[in-house]
file work-v1.txt (compact mmCIF, N, CA and C atoms)
# COMPACT_ATOMS: atom_id res chain seq x y z
N MET E 745 -4.35 -56.83 74.02
CA MET E 745 -4.82 -55.46 73.89
C MET E 745 -5.84 -55.20 74.98
N ASN E 746 -5.56 -54.26 75.85
CA ASN E 746 -6.43 -53.93 76.97
C ASN E 746 -7.33 -52.75 76.57
N LEU E 747 -8.46 -53.06 75.94
CA LEU E 747 -9.36 -52.04 75.42
C LEU E 747 -10.62 -51.97 76.25
N SER E 748 -11.06 -50.74 76.55
CA SER E 748 -12.34 -50.54 77.22
C SER E 748 -13.05 -49.37 76.54
N ILE E 749 -14.37 -49.37 76.64
CA ILE E 749 -15.19 -48.29 76.09
C ILE E 749 -15.97 -47.70 77.26
N ARG E 750 -15.94 -46.39 77.39
CA ARG E 750 -16.62 -45.75 78.52
C ARG E 750 -17.07 -44.35 78.15
N ASP E 751 -17.90 -43.78 79.03
CA ASP E 751 -18.34 -42.40 78.85
C ASP E 751 -17.18 -41.44 79.00
N ALA E 752 -17.26 -40.32 78.32
CA ALA E 752 -16.27 -39.26 78.50
C ALA E 752 -16.52 -38.57 79.84
N GLY E 753 -15.44 -38.17 80.48
CA GLY E 753 -15.53 -37.42 81.74
C GLY E 753 -14.65 -36.20 81.68
N SER E 754 -14.80 -35.32 82.64
CA SER E 754 -14.05 -34.06 82.61
C SER E 754 -12.54 -34.28 82.57
N GLN E 755 -12.06 -35.40 83.13
CA GLN E 755 -10.62 -35.68 83.14
C GLN E 755 -10.08 -36.04 81.76
N ASP E 756 -10.98 -36.26 80.80
CA ASP E 756 -10.57 -36.69 79.47
C ASP E 756 -10.42 -35.55 78.47
N GLN E 757 -10.64 -34.33 78.90
CA GLN E 757 -10.71 -33.22 77.95
C GLN E 757 -9.45 -33.07 77.12
N ALA E 758 -8.28 -33.12 77.74
CA ALA E 758 -7.02 -32.89 77.00
C ALA E 758 -6.80 -33.97 75.95
N GLU E 759 -7.00 -35.24 76.34
CA GLU E 759 -6.79 -36.32 75.37
C GLU E 759 -7.83 -36.27 74.25
N TRP E 760 -9.07 -35.99 74.63
CA TRP E 760 -10.12 -35.89 73.60
C TRP E 760 -9.83 -34.74 72.64
N LEU E 761 -9.39 -33.62 73.19
CA LEU E 761 -9.11 -32.46 72.35
C LEU E 761 -8.00 -32.76 71.34
N GLY E 762 -7.00 -33.53 71.75
CA GLY E 762 -5.95 -33.92 70.82
C GLY E 762 -6.50 -34.74 69.66
N LEU E 763 -7.37 -35.71 69.99
CA LEU E 763 -8.00 -36.51 68.93
C LEU E 763 -8.94 -35.67 68.09
N TRP E 764 -9.67 -34.76 68.73
CA TRP E 764 -10.61 -33.91 68.00
C TRP E 764 -9.88 -33.04 66.99
N ASN E 765 -8.73 -32.50 67.38
CA ASN E 765 -7.94 -31.68 66.45
C ASN E 765 -7.42 -32.53 65.28
N ASP E 766 -7.06 -33.79 65.56
CA ASP E 766 -6.67 -34.70 64.48
C ASP E 766 -7.85 -34.96 63.55
N TYR E 767 -9.02 -35.12 64.14
CA TYR E 767 -10.25 -35.35 63.38
C TYR E 767 -10.52 -34.18 62.43
N LEU E 768 -10.42 -32.95 62.96
CA LEU E 768 -10.66 -31.77 62.12
C LEU E 768 -9.63 -31.66 61.01
N ALA E 769 -8.37 -31.97 61.32
CA ALA E 769 -7.33 -31.91 60.30
C ALA E 769 -7.56 -32.97 59.23
N PHE E 770 -7.96 -34.17 59.65
CA PHE E 770 -8.20 -35.26 58.71
C PHE E 770 -9.29 -34.89 57.72
N TYR E 771 -10.37 -34.32 58.23
CA TYR E 771 -11.48 -33.94 57.36
C TYR E 771 -11.31 -32.56 56.74
N GLN E 772 -10.20 -31.89 57.06
CA GLN E 772 -9.92 -30.56 56.55
C GLN E 772 -11.06 -29.59 56.87
N VAL E 773 -11.45 -29.62 58.14
CA VAL E 773 -12.53 -28.77 58.63
C VAL E 773 -11.94 -27.69 59.52
N ASN E 774 -12.38 -26.47 59.33
CA ASN E 774 -11.96 -25.37 60.19
C ASN E 774 -13.15 -24.90 61.01
N LEU E 775 -13.04 -25.04 62.32
CA LEU E 775 -14.09 -24.59 63.22
C LEU E 775 -13.52 -23.58 64.19
N PRO E 776 -14.30 -22.58 64.56
CA PRO E 776 -13.81 -21.63 65.56
C PRO E 776 -13.65 -22.31 66.91
N ASP E 777 -12.76 -21.78 67.73
CA ASP E 777 -12.48 -22.40 69.02
C ASP E 777 -13.72 -22.55 69.89
N ASP E 778 -14.63 -21.61 69.80
CA ASP E 778 -15.80 -21.69 70.67
C ASP E 778 -16.70 -22.87 70.30
N VAL E 779 -16.64 -23.31 69.05
CA VAL E 779 -17.41 -24.49 68.67
C VAL E 779 -16.84 -25.72 69.36
N THR E 780 -15.50 -25.82 69.41
CA THR E 780 -14.86 -26.92 70.11
C THR E 780 -15.24 -26.90 71.59
N ALA E 781 -15.17 -25.74 72.22
CA ALA E 781 -15.53 -25.62 73.63
C ALA E 781 -16.99 -25.98 73.85
N HIS E 782 -17.83 -25.54 72.94
CA HIS E 782 -19.26 -25.83 73.04
C HIS E 782 -19.52 -27.32 72.88
N THR E 783 -18.81 -27.95 71.96
CA THR E 783 -18.97 -29.39 71.76
C THR E 783 -18.60 -30.15 73.02
N TRP E 784 -17.46 -29.81 73.62
CA TRP E 784 -17.03 -30.50 74.84
C TRP E 784 -18.03 -30.26 75.98
N ALA E 785 -18.52 -29.05 76.11
CA ALA E 785 -19.48 -28.74 77.17
C ALA E 785 -20.73 -29.59 77.02
N ARG E 786 -21.18 -29.78 75.81
CA ARG E 786 -22.37 -30.63 75.58
C ARG E 786 -22.07 -32.09 75.87
N ILE E 787 -20.87 -32.54 75.55
CA ILE E 787 -20.51 -33.94 75.76
C ILE E 787 -20.56 -34.30 77.24
N ILE E 788 -20.07 -33.42 78.10
CA ILE E 788 -20.00 -33.78 79.52
C ILE E 788 -21.21 -33.29 80.32
N ASP E 789 -22.17 -32.67 79.67
CA ASP E 789 -23.38 -32.24 80.34
C ASP E 789 -24.35 -33.42 80.44
N PRO E 790 -24.65 -33.89 81.66
CA PRO E 790 -25.52 -35.07 81.78
C PRO E 790 -26.94 -34.84 81.28
N ALA E 791 -27.34 -33.59 81.14
CA ALA E 791 -28.69 -33.28 80.65
C ALA E 791 -28.74 -33.16 79.13
N SER E 792 -27.59 -33.21 78.47
CA SER E 792 -27.53 -33.02 77.03
C SER E 792 -27.94 -34.30 76.30
N ARG E 793 -28.48 -34.12 75.11
CA ARG E 793 -28.77 -35.28 74.26
C ARG E 793 -27.54 -35.70 73.48
N VAL E 794 -26.45 -34.97 73.63
CA VAL E 794 -25.20 -35.32 72.97
C VAL E 794 -24.26 -35.91 74.02
N SER E 795 -23.62 -37.01 73.68
CA SER E 795 -22.61 -37.57 74.58
C SER E 795 -21.54 -38.26 73.76
N ALA E 796 -20.49 -38.66 74.42
CA ALA E 796 -19.38 -39.33 73.74
C ALA E 796 -19.00 -40.58 74.50
N ARG E 797 -18.64 -41.60 73.74
CA ARG E 797 -18.04 -42.80 74.29
C ARG E 797 -16.60 -42.81 73.83
N LEU E 798 -15.71 -43.15 74.75
CA LEU E 798 -14.29 -43.14 74.46
C LEU E 798 -13.75 -44.55 74.42
N ALA E 799 -12.87 -44.80 73.46
CA ALA E 799 -12.11 -46.05 73.41
C ALA E 799 -10.80 -45.80 74.14
N VAL E 800 -10.55 -46.59 75.17
CA VAL E 800 -9.35 -46.43 75.99
C VAL E 800 -8.50 -47.68 75.85
N LEU E 801 -7.30 -47.51 75.36
CA LEU E 801 -6.39 -48.63 75.13
C LEU E 801 -5.18 -48.46 76.04
N ASP E 802 -5.00 -49.43 76.93
CA ASP E 802 -3.89 -49.38 77.89
C ASP E 802 -3.81 -48.04 78.60
N GLY E 803 -4.99 -47.53 79.00
CA GLY E 803 -5.05 -46.30 79.79
C GLY E 803 -5.01 -45.01 78.99
N ARG E 804 -4.95 -45.10 77.66
CA ARG E 804 -4.88 -43.90 76.82
C ARG E 804 -6.10 -43.82 75.92
N VAL E 805 -6.68 -42.63 75.81
CA VAL E 805 -7.83 -42.42 74.93
C VAL E 805 -7.36 -42.45 73.49
N VAL E 806 -7.90 -43.40 72.71
CA VAL E 806 -7.43 -43.59 71.33
C VAL E 806 -8.54 -43.44 70.30
N GLY E 807 -9.75 -43.19 70.75
CA GLY E 807 -10.85 -43.02 69.81
C GLY E 807 -12.09 -42.52 70.51
N PHE E 808 -13.01 -41.98 69.73
CA PHE E 808 -14.26 -41.51 70.32
C PHE E 808 -15.41 -41.69 69.33
N ALA E 809 -16.59 -41.82 69.89
CA ALA E 809 -17.82 -41.82 69.11
C ALA E 809 -18.75 -40.82 69.77
N ILE E 810 -19.12 -39.78 69.05
CA ILE E 810 -20.05 -38.77 69.57
C ILE E 810 -21.42 -39.06 68.96
N HIS E 811 -22.41 -39.12 69.80
CA HIS E 811 -23.75 -39.43 69.30
C HIS E 811 -24.79 -38.55 69.99
N HIS E 812 -25.95 -38.48 69.39
CA HIS E 812 -27.07 -37.84 70.05
C HIS E 812 -28.32 -38.65 69.74
N PHE E 813 -29.31 -38.51 70.59
CA PHE E 813 -30.57 -39.20 70.35
C PHE E 813 -31.67 -38.16 70.19
N HIS E 814 -32.72 -38.54 69.51
CA HIS E 814 -33.83 -37.62 69.31
C HIS E 814 -35.09 -38.43 69.10
N ASP E 815 -36.22 -37.80 69.32
CA ASP E 815 -37.50 -38.47 69.10
C ASP E 815 -37.68 -38.72 67.61
N SER E 816 -38.12 -39.92 67.29
CA SER E 816 -38.26 -40.31 65.90
C SER E 816 -39.59 -39.83 65.33
N THR E 817 -39.58 -39.52 64.06
CA THR E 817 -40.83 -39.20 63.37
C THR E 817 -41.42 -40.45 62.72
N TRP E 818 -40.64 -41.56 62.73
CA TRP E 818 -41.08 -42.77 62.06
C TRP E 818 -41.58 -43.84 63.01
N VAL E 819 -41.00 -43.90 64.18
CA VAL E 819 -41.36 -44.97 65.12
C VAL E 819 -41.60 -44.35 66.49
N LYS E 820 -42.08 -45.14 67.43
CA LYS E 820 -42.48 -44.60 68.73
C LYS E 820 -41.32 -44.40 69.70
N THR E 821 -40.19 -45.01 69.44
CA THR E 821 -39.06 -44.85 70.35
C THR E 821 -37.98 -44.00 69.71
N PRO E 822 -37.14 -43.35 70.52
CA PRO E 822 -36.13 -42.45 69.96
C PRO E 822 -35.09 -43.17 69.09
N ASP E 823 -34.49 -42.40 68.22
CA ASP E 823 -33.39 -42.87 67.39
C ASP E 823 -32.08 -42.38 67.99
N CYS E 824 -31.00 -43.06 67.64
CA CYS E 824 -29.67 -42.60 68.02
C CYS E 824 -28.89 -42.31 66.75
N TYR E 825 -28.31 -41.15 66.67
CA TYR E 825 -27.55 -40.74 65.50
C TYR E 825 -26.07 -40.62 65.87
N LEU E 826 -25.23 -41.38 65.18
CA LEU E 826 -23.80 -41.29 65.40
C LEU E 826 -23.29 -40.06 64.67
N GLU E 827 -22.82 -39.09 65.42
CA GLU E 827 -22.39 -37.81 64.87
C GLU E 827 -20.98 -37.90 64.30
N ASP E 828 -20.06 -38.40 65.09
CA ASP E 828 -18.66 -38.47 64.69
C ASP E 828 -18.02 -39.72 65.28
N LEU E 829 -17.11 -40.31 64.54
CA LEU E 829 -16.31 -41.41 65.06
C LEU E 829 -14.90 -41.23 64.53
N PHE E 830 -13.92 -41.33 65.43
CA PHE E 830 -12.55 -41.11 65.01
C PHE E 830 -11.62 -42.00 65.83
N ILE E 831 -10.63 -42.58 65.17
CA ILE E 831 -9.66 -43.45 65.80
C ILE E 831 -8.26 -42.89 65.55
N ASP E 832 -7.42 -42.94 66.58
CA ASP E 832 -6.03 -42.54 66.44
C ASP E 832 -5.42 -43.21 65.21
N ALA E 833 -4.75 -42.43 64.38
CA ALA E 833 -4.22 -42.94 63.11
C ALA E 833 -3.25 -44.10 63.31
N ASN E 834 -2.59 -44.16 64.46
CA ASN E 834 -1.59 -45.21 64.69
C ASN E 834 -2.19 -46.57 64.97
N ILE E 835 -3.48 -46.64 65.28
CA ILE E 835 -4.06 -47.94 65.62
C ILE E 835 -5.30 -48.26 64.79
N ARG E 836 -5.54 -47.56 63.71
CA ARG E 836 -6.69 -47.91 62.87
C ARG E 836 -6.51 -49.32 62.30
N GLY E 837 -7.63 -49.97 62.07
CA GLY E 837 -7.59 -51.31 61.52
C GLY E 837 -7.48 -52.39 62.58
N LYS E 838 -7.53 -52.03 63.85
CA LYS E 838 -7.42 -53.01 64.93
C LYS E 838 -8.76 -53.30 65.60
N GLY E 839 -9.85 -52.91 64.96
CA GLY E 839 -11.16 -53.22 65.51
C GLY E 839 -11.71 -52.20 66.49
N ILE E 840 -11.02 -51.07 66.66
CA ILE E 840 -11.48 -50.06 67.62
C ILE E 840 -12.80 -49.45 67.16
N GLY E 841 -12.88 -49.13 65.86
CA GLY E 841 -14.12 -48.56 65.33
C GLY E 841 -15.30 -49.49 65.53
N ARG E 842 -15.08 -50.75 65.25
CA ARG E 842 -16.16 -51.73 65.43
C ARG E 842 -16.54 -51.84 66.90
N ALA E 843 -15.56 -51.81 67.80
CA ALA E 843 -15.86 -51.88 69.23
C ALA E 843 -16.73 -50.70 69.67
N LEU E 844 -16.44 -49.51 69.15
CA LEU E 844 -17.24 -48.33 69.50
C LEU E 844 -18.66 -48.46 68.96
N ILE E 845 -18.81 -48.97 67.74
CA ILE E 845 -20.14 -49.14 67.17
C ILE E 845 -20.91 -50.22 67.92
N ASP E 846 -20.26 -51.34 68.22
CA ASP E 846 -20.93 -52.41 68.96
C ASP E 846 -21.38 -51.92 70.33
N ASP E 847 -20.54 -51.09 70.95
CA ASP E 847 -20.89 -50.50 72.25
C ASP E 847 -22.14 -49.63 72.12
N LEU E 848 -22.19 -48.84 71.07
CA LEU E 848 -23.33 -47.95 70.88
C LEU E 848 -24.60 -48.74 70.57
N ILE E 849 -24.47 -49.81 69.81
CA ILE E 849 -25.61 -50.68 69.54
C ILE E 849 -26.16 -51.25 70.85
N SER E 850 -25.26 -51.67 71.71
CA SER E 850 -25.67 -52.21 73.01
C SER E 850 -26.41 -51.17 73.84
N ILE E 851 -25.91 -49.92 73.84
CA ILE E 851 -26.57 -48.85 74.57
C ILE E 851 -27.96 -48.60 74.00
N CYS E 852 -28.06 -48.57 72.68
CA CYS E 852 -29.36 -48.35 72.04
C CYS E 852 -30.36 -49.41 72.47
N LYS E 853 -29.93 -50.66 72.48
CA LYS E 853 -30.82 -51.74 72.89
C LYS E 853 -31.22 -51.60 74.36
N ASP E 854 -30.24 -51.27 75.21
CA ASP E 854 -30.53 -51.10 76.64
C ASP E 854 -31.53 -49.99 76.89
N LYS E 855 -31.44 -48.90 76.11
CA LYS E 855 -32.31 -47.75 76.32
C LYS E 855 -33.61 -47.84 75.53
N GLY E 856 -33.73 -48.85 74.68
CA GLY E 856 -34.94 -48.99 73.89
C GLY E 856 -34.99 -48.07 72.69
N TRP E 857 -33.84 -47.53 72.29
CA TRP E 857 -33.81 -46.71 71.08
C TRP E 857 -33.96 -47.63 69.88
N SER E 858 -34.73 -47.21 68.92
CA SER E 858 -35.12 -48.12 67.84
C SER E 858 -34.08 -48.26 66.73
N ARG E 859 -33.32 -47.22 66.48
CA ARG E 859 -32.38 -47.26 65.35
C ARG E 859 -31.11 -46.53 65.70
N LEU E 860 -30.04 -47.01 65.13
CA LEU E 860 -28.76 -46.30 65.16
C LEU E 860 -28.41 -46.00 63.72
N TYR E 861 -28.14 -44.75 63.42
CA TYR E 861 -27.81 -44.44 62.03
C TYR E 861 -26.78 -43.33 61.94
N TRP E 862 -26.13 -43.28 60.79
CA TRP E 862 -25.15 -42.23 60.54
C TRP E 862 -24.96 -42.08 59.05
N HIS E 863 -24.35 -40.98 58.67
CA HIS E 863 -24.06 -40.70 57.27
C HIS E 863 -22.71 -41.32 56.91
N THR E 864 -22.61 -41.83 55.71
CA THR E 864 -21.31 -42.19 55.16
C THR E 864 -21.18 -41.48 53.82
N ASN E 865 -19.97 -41.21 53.43
CA ASN E 865 -19.72 -40.49 52.19
C ASN E 865 -19.03 -41.44 51.23
N GLU E 866 -19.76 -41.90 50.23
CA GLU E 866 -19.21 -42.88 49.30
C GLU E 866 -18.00 -42.35 48.54
N ASP E 867 -17.92 -41.04 48.40
CA ASP E 867 -16.84 -40.48 47.61
C ASP E 867 -15.57 -40.23 48.42
N ASN E 868 -15.63 -40.44 49.69
CA ASN E 868 -14.48 -40.14 50.53
C ASN E 868 -13.86 -41.44 51.04
N ALA E 869 -13.03 -42.05 50.20
CA ALA E 869 -12.42 -43.33 50.56
C ALA E 869 -11.56 -43.20 51.81
N GLN E 870 -10.94 -42.04 51.99
CA GLN E 870 -10.11 -41.82 53.16
C GLN E 870 -10.94 -41.91 54.43
N ALA E 871 -12.09 -41.29 54.42
CA ALA E 871 -12.93 -41.29 55.62
C ALA E 871 -13.42 -42.68 55.96
N ARG E 872 -13.74 -43.49 54.97
CA ARG E 872 -14.26 -44.83 55.24
C ARG E 872 -13.25 -45.67 56.00
N LYS E 873 -11.96 -45.40 55.82
CA LYS E 873 -10.93 -46.17 56.51
C LYS E 873 -11.02 -46.00 58.03
N LEU E 874 -11.60 -44.91 58.47
CA LEU E 874 -11.69 -44.67 59.91
C LEU E 874 -12.51 -45.73 60.62
N TYR E 875 -13.42 -46.33 59.91
CA TYR E 875 -14.37 -47.22 60.54
C TYR E 875 -13.97 -48.67 60.45
N ASP E 876 -12.69 -48.96 60.29
CA ASP E 876 -12.21 -50.33 60.11
C ASP E 876 -13.01 -50.97 58.98
N SER E 877 -13.44 -52.19 59.15
CA SER E 877 -14.18 -52.85 58.08
C SER E 877 -15.68 -52.85 58.34
N TYR E 878 -16.11 -52.10 59.33
CA TYR E 878 -17.49 -52.22 59.78
C TYR E 878 -18.49 -51.49 58.91
N VAL E 879 -18.13 -50.32 58.41
CA VAL E 879 -19.09 -49.54 57.65
C VAL E 879 -19.05 -49.95 56.18
N GLN E 880 -20.16 -50.46 55.71
CA GLN E 880 -20.39 -50.64 54.29
C GLN E 880 -21.73 -49.97 54.03
N SER E 881 -21.70 -48.80 53.43
CA SER E 881 -22.91 -47.99 53.35
C SER E 881 -24.02 -48.71 52.59
N ASP E 882 -25.20 -48.74 53.19
CA ASP E 882 -26.35 -49.29 52.51
C ASP E 882 -27.51 -48.30 52.57
N GLY E 883 -27.16 -47.03 52.52
CA GLY E 883 -28.17 -45.99 52.60
C GLY E 883 -28.07 -45.26 53.91
N HIS E 884 -29.00 -44.34 54.12
CA HIS E 884 -28.93 -43.48 55.30
C HIS E 884 -29.10 -44.27 56.59
N ILE E 885 -30.03 -45.22 56.62
CA ILE E 885 -30.23 -46.01 57.82
C ILE E 885 -29.23 -47.15 57.79
N ARG E 886 -28.27 -47.11 58.69
CA ARG E 886 -27.20 -48.09 58.66
C ARG E 886 -27.52 -49.32 59.49
N TYR E 887 -28.15 -49.16 60.61
CA TYR E 887 -28.39 -50.30 61.49
C TYR E 887 -29.76 -50.16 62.12
N ARG E 888 -30.64 -51.08 61.79
CA ARG E 888 -31.96 -51.08 62.38
C ARG E 888 -31.98 -52.11 63.50
N LEU E 889 -32.25 -51.67 64.71
CA LEU E 889 -32.13 -52.56 65.85
C LEU E 889 -33.26 -53.57 65.86
N LYS E 890 -32.91 -54.79 66.26
CA LYS E 890 -33.89 -55.85 66.38
C LYS E 890 -33.94 -56.29 67.84
N PHE E 891 -35.11 -56.23 68.44
CA PHE E 891 -35.25 -56.62 69.85
C PHE E 891 -35.86 -57.99 69.95

call {"tool": "encode", "arguments": {"input": "work-v1.txt", "output": "structure tokens"}}
result
Amino acid sequence: MNLSIRDAGSQDQAEWLGLWNDYLAFYQVNLPDDVTAHTWARIIDPASRVSARLAVLDGRVVGFAIHHFHDSTWVKTPDCYLEDLFIDANIRGKGIGRALIDDLISICKDKGWSRLYWHTNEDNAQARKLYDSYVQSDGHIRYRLKF
């Protein structure tokens, strides 16, 4: 399996949009088109606090993790919040979700961000499958970085 994780770029818009539409359908979310356009604009804006990491398998975008960072009210260094993570339905369970999370943990450590966290929904068994076996909710703070 030839898997790589990298930043999203302008050339990825069509493939990302296909996954994003699958993501919205999976969660049964209806968003206006301008929200999608706004989301993509923020992802590729280098000045934005929102960015995306893409999982690329054999040259095809098969998953994404959208995150943002913000100044923490609890500690002196910024936190990183995982906003969305989605894997192509055809390859779930192959460790792609874990690879995206491990990648984000590495970025947090490199940048000195103190925590990586995200919401999980205990009542949505379908959604938990997206994250392979990596997410086992233990409260709001999922991963506290250790330096």

call {"tool": "closest_residue", "arguments": {"input": "work-v1.txt", "among": "E:Asp777, E:Phe808, E:Met745, E:Asp846", "to": "Leu829 (chain E)", "atoms": "only N, CA and C atoms"}}
result
E:Phe808

call {"tool": "atom_distance", "arguments": {"input": "work-v1.txt", "atom1": "CA of Glu759 (chain E)", "atom2": "CA of Val805 (chain E)"}}
result
6.2 Å

call {"tool": "residues_around", "arguments": {"input": "work-v1.txt", "residues": "Leu801 (chain E)", "least_positions_apart": "3", "cutoff": "7 Å", "atoms": "only C-alpha atoms", "output": "MDAnalysis selection string"}}
result
chainID E and resid 746:748 804:806

call {"tool": "closest_residue", "arguments": {"input": "work-v1.txt", "among": "E:Val800, E:Leu860, E:Val794, E:Ala752", "to": "Leu826 (chain E)", "atoms": "only N, CA and C atoms"}}
result
E:Leu860

call {"tool": "atom_distance", "arguments": {"input": "work-v1.txt", "atom1": "atom N of Ile810 (chain E)", "atom2": "CA of Trp764 (chain E)"}}
result
10.4 Å

call {"tool": "residues_around", "arguments": {"input": "work-v1.txt", "residues": "Arg793 (chain E)", "least_positions_apart": "3", "cutoff": "8 Å", "atoms": "only C-alpha atoms", "output": "tab-separated table (two decimals) with N, CA and C atoms, in the frame of the given file"}}
result
chain	number	residue	atom	x	y	z
E	812	HIS	N	-25.95	-38.48	69.39
E	812	HIS	CA	-27.07	-37.84	70.05
E	812	HIS	C	-28.32	-38.65	69.74
E	813	PHE	N	-29.31	-38.51	70.59
E	813	PHE	CA	-30.57	-39.20	70.35
E	813	PHE	C	-31.67	-38.16	70.19
E	814	HIS	N	-32.72	-38.54	69.51
E	814	HIS	CA	-33.83	-37.62	69.31
E	814	HIS	C	-35.09	-38.43	69.10

call {"tool": "closest_residue", "arguments": {"input": "work-v1.txt", "among": "E:Ala796, E:Leu775, E:Pro822, E:Leu763", "to": "Lys855 (chain E)", "atoms": "only N, CA and C atoms"}}
result
E:Pro822

call {"tool": "atom_distance", "arguments": {"input": "work-v1.txt", "atom1": "atom N of Leu761 (chain E)", "atom2": "atom N of Trp857 (chain E)"}}
result
28.1 Å

call {"tool": "residues_around", "arguments": {"input": "work-v1.txt", "residues": "Ala809 (chain E)", "least_positions_apart": "4", "cutoff": "6 Å", "atoms": "all atoms listed in the file", "output": "PyMOL selection string"}}
result
chain E and resi 795-799+828-830
